[in-house]
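Student: upload20.txt is the file, holding compact mmCIF, C-alpha atoms and all ligand atoms:
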# COMPACT_ATOMS: atom_id res chain seq x y z
CA MET M 1 0.00 0.00 0.00
CA ALA M 2 0.94 3.67 -0.44
CA LYS M 3 3.44 3.69 -3.26
CA ARG M 4 5.65 6.45 -4.67
CA ILE M 5 4.97 7.68 -8.19
CA GLU M 6 7.74 9.10 -10.38
CA VAL M 7 6.54 10.96 -13.46
CA LYS M 8 9.18 11.83 -16.04
CA ASP M 9 8.85 14.04 -19.13
CA LEU M 10 5.19 13.20 -19.57
CA ASP M 11 3.38 14.51 -22.65
CA ILE M 12 -0.34 13.72 -22.91
CA TYR M 13 -2.18 13.81 -26.22
CA TYR M 14 -5.81 13.68 -27.28
CA ASP M 15 -5.24 12.41 -30.79
CA LYS M 16 -2.97 15.09 -32.32
CA PHE M 17 -3.68 17.69 -29.64
CA LEU M 18 -0.92 17.99 -27.05
CA ALA M 19 -2.90 18.80 -23.90
CA VAL M 20 -0.12 18.55 -21.30
CA GLN M 21 3.59 18.84 -21.92
CA GLY M 22 6.77 17.84 -20.16
CA VAL M 23 5.54 17.03 -16.65
CA SER M 24 8.06 15.59 -14.23
CA MET M 25 7.22 15.14 -10.56
CA THR M 26 7.61 12.80 -7.63
CA ILE M 27 4.46 11.96 -5.71
CA GLU M 28 5.34 10.80 -2.23
CA PRO M 29 3.58 7.93 -0.47
CA ARG M 30 1.49 8.62 2.65
CA SER M 31 1.04 12.21 1.65
CA VAL M 32 -1.49 14.39 -0.13
CA THR M 33 -0.46 16.14 -3.34
CA ALA M 34 -2.81 18.86 -4.57
CA LEU M 35 -2.92 19.97 -8.21
CA ILE M 36 -4.15 23.50 -8.80
CA GLY M 37 -4.34 25.81 -11.81
CA PRO M 38 -6.76 27.61 -14.12
CA SER M 39 -9.42 25.84 -16.12
CA GLY M 40 -8.19 23.85 -19.11
CA CYS M 41 -4.53 23.64 -18.04
CA GLY M 42 -4.66 19.85 -17.92
CA LYS M 43 -5.01 18.96 -14.24
CA SER M 44 -7.70 16.33 -14.81
CA THR M 45 -5.95 15.00 -17.89
CA PHE M 46 -2.73 14.61 -15.92
CA LEU M 47 -4.59 13.01 -12.99
CA ARG M 48 -6.26 10.48 -15.28
CA SER M 49 -2.93 9.63 -16.88
CA LEU M 50 -1.80 8.33 -13.48
CA ASN M 51 -4.18 5.39 -13.75
CA ARG M 52 -4.49 5.26 -17.54
CA MET M 53 -8.10 6.39 -17.31
CA HIS M 54 -7.57 9.01 -20.04
CA GLU M 55 -7.08 6.11 -22.46
CA LEU M 56 -10.83 5.60 -22.33
CA VAL M 57 -10.92 8.58 -24.74
CA PRO M 58 -10.25 7.16 -28.22
CA ASN M 59 -6.74 7.99 -29.52
CA ALA M 60 -5.59 9.47 -26.22
CA ARG M 61 -1.98 8.54 -25.43
CA VAL M 62 1.11 9.57 -23.52
CA GLU M 63 4.83 9.86 -24.11
CA GLY M 64 7.22 9.72 -21.16
CA THR M 65 7.08 7.51 -18.10
CA VAL M 66 4.99 6.99 -14.99
CA VAL M 67 6.64 4.59 -12.57
CA MET M 68 4.93 3.41 -9.37
CA ASP M 69 7.60 2.06 -7.03
CA ASP M 70 9.37 -0.13 -9.59
CA GLN M 71 6.47 -0.71 -11.95
CA ASP M 72 6.33 1.21 -15.24
CA LEU M 73 2.58 1.83 -15.57
CA TYR M 74 2.90 2.24 -19.34
CA GLY M 75 5.31 -0.67 -19.83
CA PRO M 76 4.63 -3.36 -22.42
CA ASN M 77 2.23 -6.04 -21.20
CA VAL M 78 0.85 -3.83 -18.44
CA ASP M 79 -2.92 -4.22 -18.27
CA PRO M 80 -4.63 -0.81 -17.82
CA VAL M 81 -7.41 -2.52 -15.87
CA SER M 82 -4.93 -3.77 -13.29
CA VAL M 83 -3.39 -0.27 -13.12
CA ARG M 84 -6.86 1.11 -12.34
CA ARG M 85 -7.24 -1.43 -9.57
CA GLN M 86 -3.98 -0.29 -7.99
CA VAL M 87 -4.68 3.38 -8.55
CA GLY M 88 -8.26 4.12 -7.56
CA MET M 89 -10.24 7.19 -8.49
CA VAL M 90 -12.98 9.34 -7.00
CA PHE M 91 -14.79 11.77 -9.29
CA GLN M 92 -16.27 15.22 -9.06
CA ARG M 93 -19.89 14.08 -8.91
CA PRO M 94 -20.62 11.21 -6.55
CA ASN M 95 -21.41 8.31 -8.86
CA PRO M 96 -22.60 5.29 -6.89
CA PHE M 97 -24.00 2.50 -9.08
CA PRO M 98 -27.61 3.74 -9.00
CA THR M 99 -29.46 0.44 -8.92
CA MET M 100 -27.17 -1.20 -6.38
CA SER M 101 -27.55 -1.21 -2.62
CA ILE M 102 -25.04 0.51 -0.36
CA TYR M 103 -23.55 -2.91 0.43
CA GLU M 104 -23.35 -3.94 -3.22
CA ASN M 105 -21.72 -0.66 -4.23
CA VAL M 106 -18.79 -1.45 -1.96
CA ALA M 107 -18.80 -5.20 -2.67
CA ALA M 108 -18.91 -4.89 -6.48
CA GLY M 109 -15.18 -4.33 -7.05
CA LEU M 110 -14.25 -6.96 -4.47
CA ARG M 111 -16.38 -9.55 -6.26
CA LEU M 112 -14.85 -8.61 -9.60
CA ASN M 113 -11.34 -9.14 -8.23
CA ASN M 114 -12.12 -12.32 -6.35
CA SER M 115 -15.18 -14.20 -7.53
CA ARG M 116 -14.71 -16.86 -4.85
CA ILE M 117 -14.71 -14.52 -1.88
CA GLY M 118 -16.96 -15.88 0.89
CA LYS M 119 -19.93 -14.05 2.38
CA ARG M 120 -18.28 -13.52 5.74
CA ASP M 121 -15.05 -12.12 4.23
CA LEU M 122 -17.10 -9.88 2.00
CA ASP M 123 -19.16 -8.63 4.96
CA ASP M 124 -15.94 -7.88 6.86
CA LEU M 125 -14.35 -6.01 3.96
CA VAL M 126 -17.50 -4.01 3.24
CA GLU M 127 -17.72 -3.00 6.90
CA ARG M 128 -14.01 -2.15 7.08
CA SER M 129 -14.22 -0.01 3.93
CA LEU M 130 -17.32 1.82 5.13
CA ARG M 131 -15.66 2.43 8.50
CA SER M 132 -12.51 3.75 6.79
CA ALA M 133 -14.70 6.10 4.78
CA ASN M 134 -16.36 7.35 8.01
CA LEU M 135 -19.73 6.17 6.76
CA TRP M 136 -20.42 2.96 8.65
CA ASN M 137 -22.38 4.47 11.54
CA GLU M 138 -24.67 6.33 9.17
CA VAL M 139 -25.51 3.36 6.96
CA LYS M 140 -25.06 0.19 8.99
CA ASP M 141 -28.81 -0.18 9.48
CA ARG M 142 -29.67 0.29 5.83
CA LEU M 143 -26.99 -1.55 3.91
CA ASN M 144 -29.55 -3.03 1.54
CA LYS M 145 -31.06 0.31 0.57
CA PRO M 146 -29.97 1.92 -2.71
CA GLY M 147 -26.75 3.95 -2.64
CA SER M 148 -28.53 6.65 -4.61
CA GLY M 149 -30.77 7.31 -1.59
CA LEU M 150 -27.92 8.81 0.42
CA SER M 151 -27.12 12.52 0.64
CA GLY M 152 -24.50 13.91 -1.76
CA GLY M 153 -21.80 13.92 0.91
CA GLN M 154 -22.69 10.38 1.99
CA GLN M 155 -22.66 9.24 -1.64
CA GLN M 156 -19.17 10.67 -2.07
CA ARG M 157 -18.00 8.82 1.04
CA LEU M 158 -19.64 5.69 -0.39
CA CYS M 159 -17.61 6.19 -3.57
CA ILE M 160 -14.48 6.54 -1.45
CA ALA M 161 -15.42 3.32 0.40
CA ARG M 162 -15.89 1.61 -2.98
CA ALA M 163 -12.50 2.89 -4.16
CA ILE M 164 -10.61 1.76 -1.06
CA ALA M 165 -12.39 -1.61 -0.76
CA VAL M 166 -10.07 -3.12 -3.36
CA GLN M 167 -7.07 -1.85 -1.39
CA PRO M 168 -5.42 0.37 -3.98
CA ASP M 169 -1.95 1.84 -3.51
CA VAL M 170 -2.91 5.29 -4.67
CA LEU M 171 -6.13 7.28 -4.55
CA LEU M 172 -6.83 9.95 -7.16
CA MET M 173 -9.53 12.53 -6.45
CA ASP M 174 -10.81 14.88 -9.12
CA GLU M 175 -12.48 17.81 -7.37
CA PRO M 176 -14.18 15.46 -4.91
CA CYS M 177 -15.94 18.24 -3.00
CA SER M 178 -17.05 20.54 -5.78
CA ALA M 179 -20.63 19.23 -5.68
CA LEU M 180 -20.84 19.22 -1.88
CA ASP M 181 -21.99 21.62 0.82
CA PRO M 182 -19.46 22.95 3.38
CA ILE M 183 -20.29 20.37 6.09
CA SER M 184 -19.93 17.44 3.67
CA THR M 185 -16.78 19.05 2.30
CA GLN M 186 -15.31 19.14 5.77
CA ALA M 187 -16.18 15.47 6.29
CA ILE M 188 -14.31 14.57 3.09
CA GLU M 189 -11.33 16.74 4.02
CA ASP M 190 -11.17 15.08 7.46
CA LEU M 191 -11.34 11.71 5.72
CA ILE M 192 -8.52 12.63 3.31
CA ASN M 193 -6.43 13.56 6.31
CA GLU M 194 -7.05 10.14 7.89
CA LEU M 195 -6.58 8.15 4.66
CA LYS M 196 -3.16 9.60 3.97
CA ALA M 197 -1.77 7.38 6.74
CA ASP M 198 -2.35 4.44 4.38
CA TYR M 199 -2.46 5.83 0.85
CA THR M 200 -0.76 8.06 -1.62
CA ILE M 201 -3.37 10.70 -2.43
CA VAL M 202 -3.48 13.10 -5.37
CA ILE M 203 -6.30 15.63 -5.46
CA VAL M 204 -7.30 18.14 -8.13
CA THR M 205 -9.06 21.12 -6.60
CA HIS M 206 -10.20 24.55 -7.71
CA ASN M 207 -10.43 25.60 -4.11
CA MET M 208 -7.10 26.98 -2.99
CA GLN M 209 -8.08 27.05 0.67
CA GLN M 210 -8.83 23.37 0.33
CA ALA M 211 -5.43 22.69 -1.26
CA ALA M 212 -3.80 24.61 1.59
CA ARG M 213 -5.83 22.70 4.21
CA VAL M 214 -5.47 19.13 2.99
CA SER M 215 -2.21 18.82 1.07
CA ASP M 216 1.45 18.42 1.94
CA THR M 217 2.65 19.22 -1.56
CA THR M 218 1.09 21.48 -4.17
CA GLY M 219 1.68 21.49 -7.91
CA PHE M 220 0.65 24.52 -9.96
CA PHE M 221 -0.28 23.88 -13.60
CA ASN M 222 -0.70 26.64 -16.15
CA LEU M 223 -1.16 27.12 -19.88
CA GLN M 224 1.85 28.32 -21.81
CA GLY M 225 -0.58 30.44 -23.85
CA VAL M 226 -3.92 30.24 -25.64
CA GLY M 227 -4.09 26.98 -27.61
CA GLN M 228 -0.81 25.87 -26.04
CA PRO M 229 -0.37 22.80 -23.84
CA GLY M 230 -0.60 22.92 -20.07
CA GLN M 231 2.55 22.48 -18.07
CA LEU M 232 3.62 22.04 -14.47
CA VAL M 233 5.00 25.41 -13.43
CA GLU M 234 5.98 24.70 -9.86
CA ILE M 235 5.68 21.96 -7.27
CA ASP M 236 6.78 22.29 -3.67
CA ASP M 237 5.70 22.04 -0.04
CA THR M 238 2.20 23.45 0.22
CA THR M 239 3.24 26.02 2.83
CA LYS M 240 6.01 27.25 0.53
CA VAL M 241 3.76 27.44 -2.55
CA PHE M 242 1.16 29.46 -0.65
CA SER M 243 3.60 31.74 1.19
CA THR M 244 6.65 32.24 -1.01
CA PRO M 245 6.12 30.66 -4.44
CA SER M 246 9.14 30.62 -6.74
CA ASN M 247 7.25 31.58 -9.86
CA GLN M 248 5.45 34.85 -10.58
CA ALA M 249 2.57 33.05 -12.35
CA THR M 250 2.00 30.90 -9.24
CA GLU M 251 1.90 34.01 -7.09
CA ASP M 252 -0.52 35.72 -9.46
CA TYR M 253 -2.79 32.67 -9.46
CA ILE M 254 -2.87 32.06 -5.73
CA SER M 255 -3.41 35.73 -4.99
CA GLY M 256 -6.44 35.68 -7.30
CA ARG M 257 -5.00 37.84 -10.07
CA PHE M 258 -6.12 35.36 -12.71
CA GLY M 259 -7.88 32.02 -13.12
N1 LIG I 301 -11.83 13.99 -23.98
C1 LIG I 301 -11.11 14.99 -24.48
N2 LIG I 301 -10.91 15.08 -25.81
C2 LIG I 301 -10.20 16.10 -26.35
N3 LIG I 301 -9.65 17.08 -25.62
C3 LIG I 301 -9.82 17.05 -24.29
C4 LIG I 301 -10.57 16.01 -23.65
N4 LIG I 301 -10.59 16.25 -22.32
C5 LIG I 301 -9.88 17.39 -22.13
N5 LIG I 301 -9.43 17.87 -23.32
C6 LIG I 301 -8.64 19.09 -23.51
O1 LIG I 301 -7.42 18.97 -22.79
C7 LIG I 301 -7.10 20.22 -22.19
C8 LIG I 301 -6.96 20.01 -20.67
O2 LIG I 301 -8.25 19.72 -20.14
P1 LIG I 301 -8.47 19.25 -18.64
O3 LIG I 301 -9.91 18.92 -18.46
O4 LIG I 301 -7.47 18.22 -18.29
O5 LIG I 301 -8.10 20.60 -17.85
P2 LIG I 301 -8.37 20.97 -16.33
O6 LIG I 301 -7.21 21.78 -15.89
O7 LIG I 301 -8.68 19.76 -15.53
O8 LIG I 301 -9.65 21.90 -16.48
P3 LIG I 301 -10.84 22.18 -15.44
O9 LIG I 301 -10.19 22.83 -14.26
O10 LIG I 301 -11.72 23.14 -16.19
O11 LIG I 301 -11.51 20.89 -15.12
C9 LIG I 301 -8.19 21.21 -22.59
O12 LIG I 301 -7.73 21.94 -23.71
C10 LIG I 301 -9.35 20.31 -22.93
O13 LIG I 301 -10.19 20.93 -23.89
Is it possible to give me this structure as structure tokens?
Ligand SMILES: Nc1ncnc2c1ncn2[C@@H]1O[C@H](COP(=O)(O)OP(=O)(O)OP(=O)(O)O)[C@@H](O)[C@H]1O

Tutor:
Amino acid sequence: MAKRIEVKDLDIYYDKFLAVQGVSMTIEPRSVTALIGPSGCGKSTFLRSLNRMHELVPNARVEGTVVMDDQDLYGPNVDPVSVRRQVGMVFQRPNPFPTMSIYENVAAGLRLNNSRIGKRDLDDLVERSLRSANLWNEVKDRLNKPGSGLSGGQQQRLCIARAIAVQPDVLLMDEPCSALDPISTQAIEDLINELKADYTIVIVTHNMQQAARVSDTTGFFNLQGVGQPGQLVEIDDTTKVFSTPSNQATEDYISGRFG
């Protein structure tokens, strides 16, 4: 669990369009890395390249390397589905499987990975995942009710429980709180803080206060110009980025001068 990711000279294309260029960064295990930057600079594209999710877009591809501990995620014979199992993802809008119960939402991935898992083991893992997602007490008496019947914040914690049930090494979060009210947002931020003891977490957020609150490291992405690819401008300790950034564009962005 909790692996280090080394990204080197990564270019990400949608067909012929170079969306993100030349990203190199180290993502430390048991820490939270926040990615910030103006709209369209490639934060989500970069995030999805960390578990090969962007390849779901036809003709999307990368050049460069992404290595997780010693495993080259884009190496020959690497199955993108197994990469996605090791590197889980939580999306902007909570997306529980709508027709499935709360229990089944968490159990689904476990069943897919291990079709012979017994009922008792499954019960234990579902409970453990829901507890880790700080949701167990709210749902333990209605596990067989649909996941879609929960509040938005509860649904997002259910999605986090579903993501961690299969015991990934890394958890990617793409604006996980943008559809949530402040109380639910705080619950997710508290949860992120707890989960970083066991996972490597990378979060894209538009909310700079949130980046400052939850992350250890912050990366600032920006566009080189209109129609140009996005690039990583600066990455450093979060306190440094928000107090004394090295780059003028970072300073302008965090002080609200653009974006
Ligand atoms: N499926 C796609 N097909 C083609 N181009 C895409 C696709 N998804 C994103 N892009 C383009 O890639 C670039 C980066 O987009 P991306 O969504 O990664 O930026 P972002 O920084 O996450 O933006 P936002 O903050 O608005 O979510 C943009 O120019 C966008 O139009």

Student: Just the number, please: distance in Å from atom CA of Phe17 of chain M to atom C2 of ligand LIG 301 (chain I), one decimal.

Tutor: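 Atom-to-atom, atom CA of Phe17 of chain M and atom C2 of ligand LIG 301 (chain I) are spaced 7.5 Å apart.
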
Student: Go through chain M residue by residue and, counting only C-alpha atoms and all ligand atoms, keep those with an atom at most 10 Å from ligand LIG 301 (chain I); for each kept residue give the shortest atom pair and its distance in Å to one decimal, ordered by chain and increasing number, as a tab-separated table.

Tutor:
residue	atom	partner	partner_atom	distance
M:Ile12	CA	I:LIG301	O1	8.8
M:Tyr13	CA	I:LIG301	O1	8.1
M:Tyr14	CA	I:LIG301	C2	5.1
M:Asp15	CA	I:LIG301	C2	7.6
M:Lys16	CA	I:LIG301	C2	9.4
M:Phe17	CA	I:LIG301	N3	7.2
M:Leu18	CA	I:LIG301	O1	7.8
M:Ala19	CA	I:LIG301	O1	4.7
M:Val20	CA	I:LIG301	C8	7.0
M:Leu35	CA	I:LIG301	O6	9.0
M:Ile36	CA	I:LIG301	O6	7.9
M:Gly37	CA	I:LIG301	O6	6.4
M:Pro38	CA	I:LIG301	O9	5.9
M:Ser39	CA	I:LIG301	O10	3.5
M:Gly40	CA	I:LIG301	O5	3.5
M:Cys41	CA	I:LIG301	O6	3.9
M:Gly42	CA	I:LIG301	O4	3.3
M:Lys43	CA	I:LIG301	O6	3.9
M:Ser44	CA	I:LIG301	O7	3.6
M:Thr45	CA	I:LIG301	O4	3.6
M:Phe46	CA	I:LIG301	O4	6.4
M:Leu47	CA	I:LIG301	O4	8.0
M:Arg48	CA	I:LIG301	O4	8.4
M:Ser49	CA	I:LIG301	O4	9.8
M:His54	CA	I:LIG301	N1	7.6
M:Glu55	CA	I:LIG301	N1	9.3
M:Leu56	CA	I:LIG301	N1	8.6
M:Val57	CA	I:LIG301	N1	5.5
M:Pro58	CA	I:LIG301	N1	8.2
M:Asn59	CA	I:LIG301	N2	9.0
M:Ala60	CA	I:LIG301	N2	7.7
M:Gln92	CA	I:LIG301	O11	9.6
M:Asp174	CA	I:LIG301	O7	8.3
M:Glu175	CA	I:LIG301	O11	8.4
M:Val204	CA	I:LIG301	O7	7.7
M:Thr205	CA	I:LIG301	O9	7.9
M:His206	CA	I:LIG301	O9	6.8
M:Phe221	CA	I:LIG301	O6	7.6
M:Asn222	CA	I:LIG301	O6	8.1
M:Leu223	CA	I:LIG301	O6	9.0
M:Val226	CA	I:LIG301	O12	9.3
M:Gly227	CA	I:LIG301	O12	7.3
M:Gln228	CA	I:LIG301	O12	8.3
M:Pro229	CA	I:LIG301	C7	7.4
M:Gly230	CA	I:LIG301	C8	7.0
M:Gly259	CA	I:LIG301	O9	9.5

Student: Distance atom CA of Ile203 of chain M-atom CA of Gly64 of chain M, one decimal place?

Tutor: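 About the pair atom CA of Ile203 of chain M and atom CA of Gly64 of chain M: they are 21.5 Å apart.
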
Student: Identify which of the residues M:Asp124, M:Val241, M:Ser132, M:Ala107 lies closest to Asn144 of chain M, counting all atoms listed in the file when measuring atom-to-atom distances.

Tutor: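 Result for the nearest residue to Asn144 of chain M: M:Ala107.
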
Student: What is the atom CA of Asp69 of chain M to atom CA of Ala163 of chain M distance in Å?

Tutor: 20.3 Å

Student: Give me the box for segment 181-192 of chain M as lines of an AutoDock Vina configuration file, namely the centre and edge lengths in Å to one decimal of a box along x, y and z that holds every listed atom plus 4 Å on each side.

Tutor:
center_x = -15.3
center_y = 17.3
center_z = 4.1
size_x = 21.5
size_y = 19.2
size_z = 14.6
